[in-house]
Structure formats: structure tokens, C-alpha cells
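These notes concern the structure reproduced below.
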Amino acid sequence: MTEPKRLFDCLAQHLKESPLPDMLAAKENGVWKPYSTVEVADMVAKLCAGLLNLGISCGDMSAEGRDKVAVLSKNRPEWIILDLAVQQIGAVLTPIYPTINVSELEFVLNDAQVKIAFVNDEELFHKVLSIKDKVPSLLEIYSFEHVAQATHWKEILAGATDEAIARLPSIAGKIGYEDLATIIYTSGTTGTPKGVMLSHKNILSNVRDSIPCLPPGPIKALSFLPLNHIFEKMMTYVYLFNGSPIYYAESMDTIGENLKEVKPQMFTTVPRLLEKVYDRIMQKGSELTGLKKKLFFWAHSLAEKYEINKPMGLWYNMQLSLANKLIFNKWREALGNNIICIVSGGAACQVRLIRIFTAAKVPVMEGYGLTETSPVISVNRYEIGGRKFGTVGTLIPHVEVKIAEDGEILCKGPNVMMGYYKRPDLTAEAIVDGWFHTGDIGVLVDGKFLKITDRKKELFKTSGGKYVAPLPIENKLKESLFIEQIMVVGPERKFVGALIVPAFTYLKDWCRENGVAIGVNEEMIRNPSVLAHYREIIEVYNKYFSHVEQIKKFVLLPAEWSVETGEMTPKLSLKRKVVTEKFRDAIERIYSGKDS
């Protein structure tokens, strides 16, 4: 078969080489429903024809002339079927996070001049409907689930004609490797969203160059990271070109249950979700008693010492082998007992977690990239020789990196975006002489392993003129079981402080063991014994940092930061600006001269 030149070529390849009974699968009415390759191809063809009949087209093939189709939905087979269909008729899919606020949604729909939108359910239908009259380009909203007042998406399929289906090959034939495939609006942590234009070449080159870094396919995958995030979308096409079946988790809350049902061989995640899995495991461990509890923590302490690419000695290896039989086998069972590896991206992952999971025969391969780089720049390989703890791995083929004088990581390659939609000014700022400026600070370890040390914008100066990088401090402190979330503060201040969200499950256990009254969160965080306990934790971790980086004072907060409450982006990164504004009074308390 000829080398694929467009993302949707995966369908023809699938049909020819590896048609599956379960190319895509999801739970419908409580039962897993598989969609075979043949079924998917048939639905894509009918959706293409139906969209053409609705007047959706490639226009003059320019970025602005092509019709835009929005999707606001959880991960499900229909999402991919829509993506494949929109690509084949030369229109442009504009995926939008379902959690987007209404004002940003209005901005994105108008900026992209979206003609039709597809939504998951009733709630999202009403969200889009509430601003429809403020979006002149928006003609219709279709729903994947049956919703009163909304047109069901299958009505488009029913409108497909043989004549329209017959036109598809000639329309698809006009779409080339360099053509625009999607516009992804970055949620970002500041400012209005920017539309990142990614071509077939951008994403497909990234797919092709990522495949050799992963376990050889086909491999059964569970998908739950939002598909409108380029990381999950690119990995979807890795699975599709690899002939791997994709099962979609019902929701973020059912991942544990779905892992046991599907028994996947791999999945992608962001560190925040991995932290939550680890916290649940550690909570269960702390509930054990007697010999079982001793064995659990013995195994855990062994895993904390694990190294790759370094001989650990016969005695250590024998002990770890026993720990894997007695303790870590339960960890693997909780993940479906079939996991070959987990790929982590989207934010920095704690090295300690990667070390522990890898020792427990669940290798975590951390990678790095941005929406603008489609996304992968570097990744730790499945082969042990291509992995190094504390780094985001080696560069993937055909991608170049150089470190600027100020430490910023610059990237060049076929994966670098076409530009920001309708914003040549921002594109010119971001891409200089072909090099994309990532905004991240990093170094090359051993001349080949990329290590991210901080975000350029997040570096700050104290009033004494000393630079502080918050990310390494935050990641180190999150190793404490008692710290759920943390944000280091201190720009233009005399010293470094921190806002801390305690891990309340562990804090309540500690309170019981130490005779401290357990009340509501607001009361607990004001208790002098609790504050003294957190001072001790901070002192332990301060030893890892220079005097200027050490946290001198902190404030405990009563509730977890989340997407819903506005402090986290949809990919679970911290919105520092929002946290700074929202908790201004708490930050002022740190610097007011009163005690924490």
C-alpha cells in the first residue's frame, strides 16, 4: 500500500490490512458495543455524503475559506467517525473542551466561524444553544445522544445519497499532505484562546515518528484523556495506523472499573490522574494491618530505590521479584492486569511515581510536547535503553531541538504547526527562522535526554533579584502524601511562600492517630497541631533547595482546585494567574508578618 499522506488514510489501510471486529468500542446502555472497521468505514462514508448535502465543503481550500465543524463531546466512537468524515470532505474539525466557559465558547465559535456543531448530550446542547444567536455563522447543532429539541446526528447519515457517496473519492483526492487537518484552540492559562492550525503532515509525521518509540502494535488501548487534546488525538491515529482497537472509558469516574473490564495493554494519561491512582493505592495500603501492612510498605520502599539502566545487585533484584509477586501484582490487577506501558504527557510527572510504577512492572513513559508541535518533541522509549528517570526522553526522529542562550527549548521539524489561525502576528512571535519557541526552559542530559526545568513565563524574581523556578519545588513537595496540590508564590516578594491544598484523606488519618479533633476542612487547616505538622513537612523538603528557593511560609486551603472551580485547565494544568487572583487574600496573609 502507498505511504499514507492524510490522517483519514488509516481507514483504507485498516480495511486492506487489518479489519477489526472492534476498531472502536464504547459502553452503550451498560454493555460494551464494538464497531468493526467495516461499520466505521460505512458510517464515515454516509456522514461525508450527509455533510456534503448540508452544504459543508472545502470551499476554496484556504484556511479561512474551508467550512468549520465544531465538536463538544466526551470520548466516544462518534467523535472519531466525525473527525474522519470532516477531513475527507476538506472541511476542518474544531474540537472544543466540553468544560469551556460560555464566553470562551462564544469567542471560539465566532473566531472559527463554525457552521455546524456536534455535542455529546442535553447539557452541552443547551450550552451551545444559549449563545447560538450570538454566533451568526452557526446554522445547526447536532447531538450524539437523543435530546429533545436537538437533531440527532444519525439524521445526517440518513440524508446520504448514492450520488454524494460516489463523489467522495474525487473530493478526498484533492486533499494533500500539507493541507490543514484541524484547528485546536489552546485553552491556555492566560488570555483568549489561540487557534493552532495543524496539517495532515504535522500530525501524521508525529504519528509515524512516535510509533517506533512505543510497544510494537497492535495493542488494545483504553482512551479517556479528552480527544480535543492533541496528545490523545495523535495517539488515536497511532492506534489506528497500528491496527489497534480503541475502547473509550465511560467517564473519568469509571476509569478503574473500565480498566478491569477492557484489560487494555496501554493508555495515555496526564500526571494528575496518575497521582490520583497512586493516592488510592497508598490509601488502601495504609488501611492494611499487621504483616500485610509491613509487606506493602516494604515493597513500596524497595520500589522507591529502583533504577533503570543500572545494575541493582542480585539481592535487590530477588527482593523486588518477591515484592512483585506478593504486592505489586495487586497494583497490576487494579489496572486490568494486562498493561504493557502507560504514556504520560501534558505536564511534568513526579519522578518518584515513574520510578515506583516502573519497579511494579507498569512502565510509565513520560514525553514532552505542545499543541503547536502536534505534540511530541521527545519521549522515553519502551526499550529500557531509551529511558532515563527525571527526563522527558530523547527526541523523536526528524525533530530538532536547540537550547537558546536563556535556556529556552526551541524546536524545528515537520511537526511544527502551520501557525495560529488568523493571527500572523502571534505566529511570527512564536516561530523565528523556522524555530518554534516553546516557552519551556530545559537542558539536554548526556547530550540526548531532554529535561524540562521550568516554564519561562513561570520563572519569577524575588524582591532580592534572585530567580526562582516554581515547578521543581512544587513537584518535590507533591511527593508528600499530605500535599494534594501546591502553588509556589513570591514574585517581587522578600521570600518564597506557598498555597497548599492538603490531601484531606491522609490528614484525617493523621488527626485520628494524633488525637486531633476532625472537623470540617476549614477547621482542620486552622488547627495549631495541623499547621505544625505541615511546617515539619516543609522543613524536610526545604533541604533539597537553595536558601532562596526554600518555602518560608504557607497557607493551607480548604478545597481542591479543579476544572469546574476554574483553577485548572481541562488537561489539569494549574492556572497560576487565576489562583493568584482568587486567593489574593491568602497570599497577602503569607507576606503580612503574621504566622502561617
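Convention: chains lettered A, B, ... in C-alpha cells order; per-chain residue numbering from 1; ligands numbered from 1 as shown.
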Find the residues around Gly50 in chain A up to 6 Å (only C-alpha atoms counted), leave out those fewer than 5 positions away in its own chain, and share them as number ranges by chain. A: 156-157, 159-160
Could the residues in this selection be written to a file with C-alpha atoms, as a JSON list (two decimals), in the first residue's frame?
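Here's the written file out-v8.json:
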```
[["chain", "number", "residue", "atom", "x", "y", "z"],
["A", 156, "ILE", "CA", -27.33, 13.33, 8.65],
["A", 157, "LEU", "CA", -26.38, 9.73, 7.78],
["A", 159, "GLY", "CA", -29.66, 12.00, 4.29],
["A", 160, "ALA", "CA", -26.70, 10.42, 2.45]]
```
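Near range 401-406 of chain A, within 8 Å and counting only C-alpha atoms, sit Leu395, Lys412, Gly442 and Val443 of chain A, not including residues fewer than 6 positions from it in the same chain.
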Residues of range 341-458 of chain A at most 12 Å from range 314-332 of chain A: nearest atom pair and distance in Å, only C-alpha atoms, as a tab-separated table:
```
residue	atom	partner	partner_atom	distance
A:Cys341	CA	A:Arg332	CA	11.0
A:Ile342	CA	A:Arg332	CA	11.9
A:Ile356	CA	A:Phe328	CA	10.0
A:Phe357	CA	A:Trp331	CA	8.9
A:Thr358	CA	A:Phe328	CA	10.5
A:Ala359	CA	A:Leu320	CA	7.7
A:Ala360	CA	A:Phe328	CA	5.4
A:Lys361	CA	A:Asn324	CA	7.7
A:Val362	CA	A:Arg332	CA	7.3
A:Pro363	CA	A:Arg332	CA	11.1
```
Take the selection from the previous step and output its residues with N, CA and C atoms, as a PDB file, in the first residue's frame.
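Output saved as selection13.pdb:
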```pdb
ATOM      1  N   CYS A 341       2.439  -0.667  29.133  1.00  0.00           N
ATOM      2  CA  CYS A 341       3.022   0.630  29.493  1.00  0.00           C
ATOM      3  C   CYS A 341       1.930   1.686  29.563  1.00  0.00           C
ATOM      4  N   ILE A 342       2.298   2.781  30.234  1.00  0.00           N
ATOM      5  CA  ILE A 342       1.451   3.974  30.306  1.00  0.00           C
ATOM      6  C   ILE A 342       2.286   5.122  29.740  1.00  0.00           C
ATOM      7  N   ILE A 356       8.394   4.266  40.921  1.00  0.00           N
ATOM      8  CA  ILE A 356       7.639   3.246  41.661  1.00  0.00           C
ATOM      9  C   ILE A 356       6.806   2.381  40.719  1.00  0.00           C
ATOM     10  N   PHE A 357       6.065   3.007  39.794  1.00  0.00           N
ATOM     11  CA  PHE A 357       5.236   2.231  38.859  1.00  0.00           C
ATOM     12  C   PHE A 357       6.107   1.341  37.965  1.00  0.00           C
ATOM     13  N   THR A 358       7.248   1.877  37.524  1.00  0.00           N
ATOM     14  CA  THR A 358       8.131   1.088  36.655  1.00  0.00           C
ATOM     15  C   THR A 358       8.676  -0.122  37.406  1.00  0.00           C
ATOM     16  N   ALA A 359       9.040   0.058  38.677  1.00  0.00           N
ATOM     17  CA  ALA A 359       9.504  -1.064  39.502  1.00  0.00           C
ATOM     18  C   ALA A 359       8.410  -2.119  39.652  1.00  0.00           C
ATOM     19  N   ALA A 360       7.146  -1.647  39.667  1.00  0.00           N
ATOM     20  CA  ALA A 360       5.998  -2.548  39.815  1.00  0.00           C
ATOM     21  C   ALA A 360       5.559  -3.152  38.478  1.00  0.00           C
ATOM     22  N   LYS A 361       6.453  -3.114  37.484  1.00  0.00           N
ATOM     23  CA  LYS A 361       6.211  -3.673  36.137  1.00  0.00           C
ATOM     24  C   LYS A 361       5.073  -2.978  35.401  1.00  0.00           C
ATOM     25  N   VAL A 362       4.913  -1.682  35.690  1.00  0.00           N
ATOM     26  CA  VAL A 362       3.983  -0.843  34.931  1.00  0.00           C
ATOM     27  C   VAL A 362       4.805   0.355  34.441  1.00  0.00           C
ATOM     28  N   PRO A 363       5.588   0.174  33.350  1.00  0.00           N
ATOM     29  CA  PRO A 363       6.462   1.265  32.895  1.00  0.00           C
ATOM     30  C   PRO A 363       5.663   2.513  32.525  1.00  0.00           C
TER      31      PRO A 363
END
```
Long-range neighbours of Ser286 in chain A as a PyMOL selection string, 9 Å cut-off, only C-alpha atoms, 4 positions minimum in chain: chain A and resi 281-282+293+296-297
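By only C-alpha atoms, and with residues fewer than 5 positions from Pro502 in chain A along its chain excluded, the set lying at most 10 Å from it is Ser480, Leu481, Phe482, Ile483, Glu484, Gln485, Ile486, Leu507, Asn521, Ile525, Tyr534, Leu556, Leu557, Pro558, Ala559 and Glu560 of chain A.
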Considering only C-alpha atoms, can you say which of A:Arg355, A:Lys284, A:Lys508, A:His152 comes closest to Glu140 in chain A? A:His152
Can you tell me which residues surround Ser573 in chain A at a distance of at most 9 Å, considering only C-alpha atoms, apart from same-chain residues fewer than 4 positions away, and format the answer as a VMD selection string? chain A and resid 189 272 346 to 347 567 to 569
May I ask which of the residues A:Glu549, A:Glu28, A:Glu123, A:Asp425 is the closest one to Pro77 in chain A, counting only C-alpha atoms? A:Glu28
When you look at Ile131 in chain A with a cut-off of 12 Å (counting only C-alpha atoms), what residues show up, excluding the ones that are within fewer than 6 positions of it in the same chain? I need them as a list in words. Asn101, Val102, Ser103, Glu104, Leu105, Glu106, Phe107, Val108, Leu109, Asn110, Leu124, Phe125, Ser137, Leu138 and Ile141 of chain A
Which is closest to Gln283 in chain A among A:Asp509, A:Leu426, A:Asn415, A:Gly313, if we use only C-alpha atoms?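 The closest residue to Gln283 in chain A is A:Asp509.
Residues with any atom within 8 Å of Met417 in chain A, counting only C-alpha atoms and excluding same-chain neighbours fewer than 4 positions away, are Val196, Met197, Leu198, Ser199, Asn202, Glu372, Thr373 and Ser374 of chain A.
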Could you pull out all residues of range 393-452 of chain A with a DSSP call of alpha helix (DSSP H) and give them as a VMD selection string? chain A and resid 424 to 430
Could the residues in this selection be saved with C-alpha atoms as a PDB file, in the first residue's frame?
```pdb
ATOM      1  CA  PRO A 424       0.139  36.053  11.709  1.00  0.00           C
ATOM      2  CA  ASP A 425       1.458  38.443  14.387  1.00  0.00           C
ATOM      3  CA  LEU A 426       1.436  35.724  17.076  1.00  0.00           C
ATOM      4  CA  THR A 427       2.815  33.168  14.599  1.00  0.00           C
ATOM      5  CA  ALA A 428       5.785  35.455  13.815  1.00  0.00           C
ATOM      6  CA  GLU A 429       6.494  35.796  17.557  1.00  0.00           C
ATOM      7  CA  ALA A 430       6.356  32.043  18.154  1.00  0.00           C
TER       8      ALA A 430
END
```
Where in range 46-263 of chain A does DSSP assign strand (DSSP E), given as a VMD selection string? chain A and resid 68 to 72 92 to 95 114 to 119 140 to 143 151 to 152 180 to 186 194 to 199 221 to 223 246 to 248
To one decimal in Å, tell me the separation between CA of Val147 in chain A and CA of Asp253 in chain A. 23.1 Å
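Relative to CA of Gly90 in chain A, CA of Ala164 in chain A is found at 14.4 Å.
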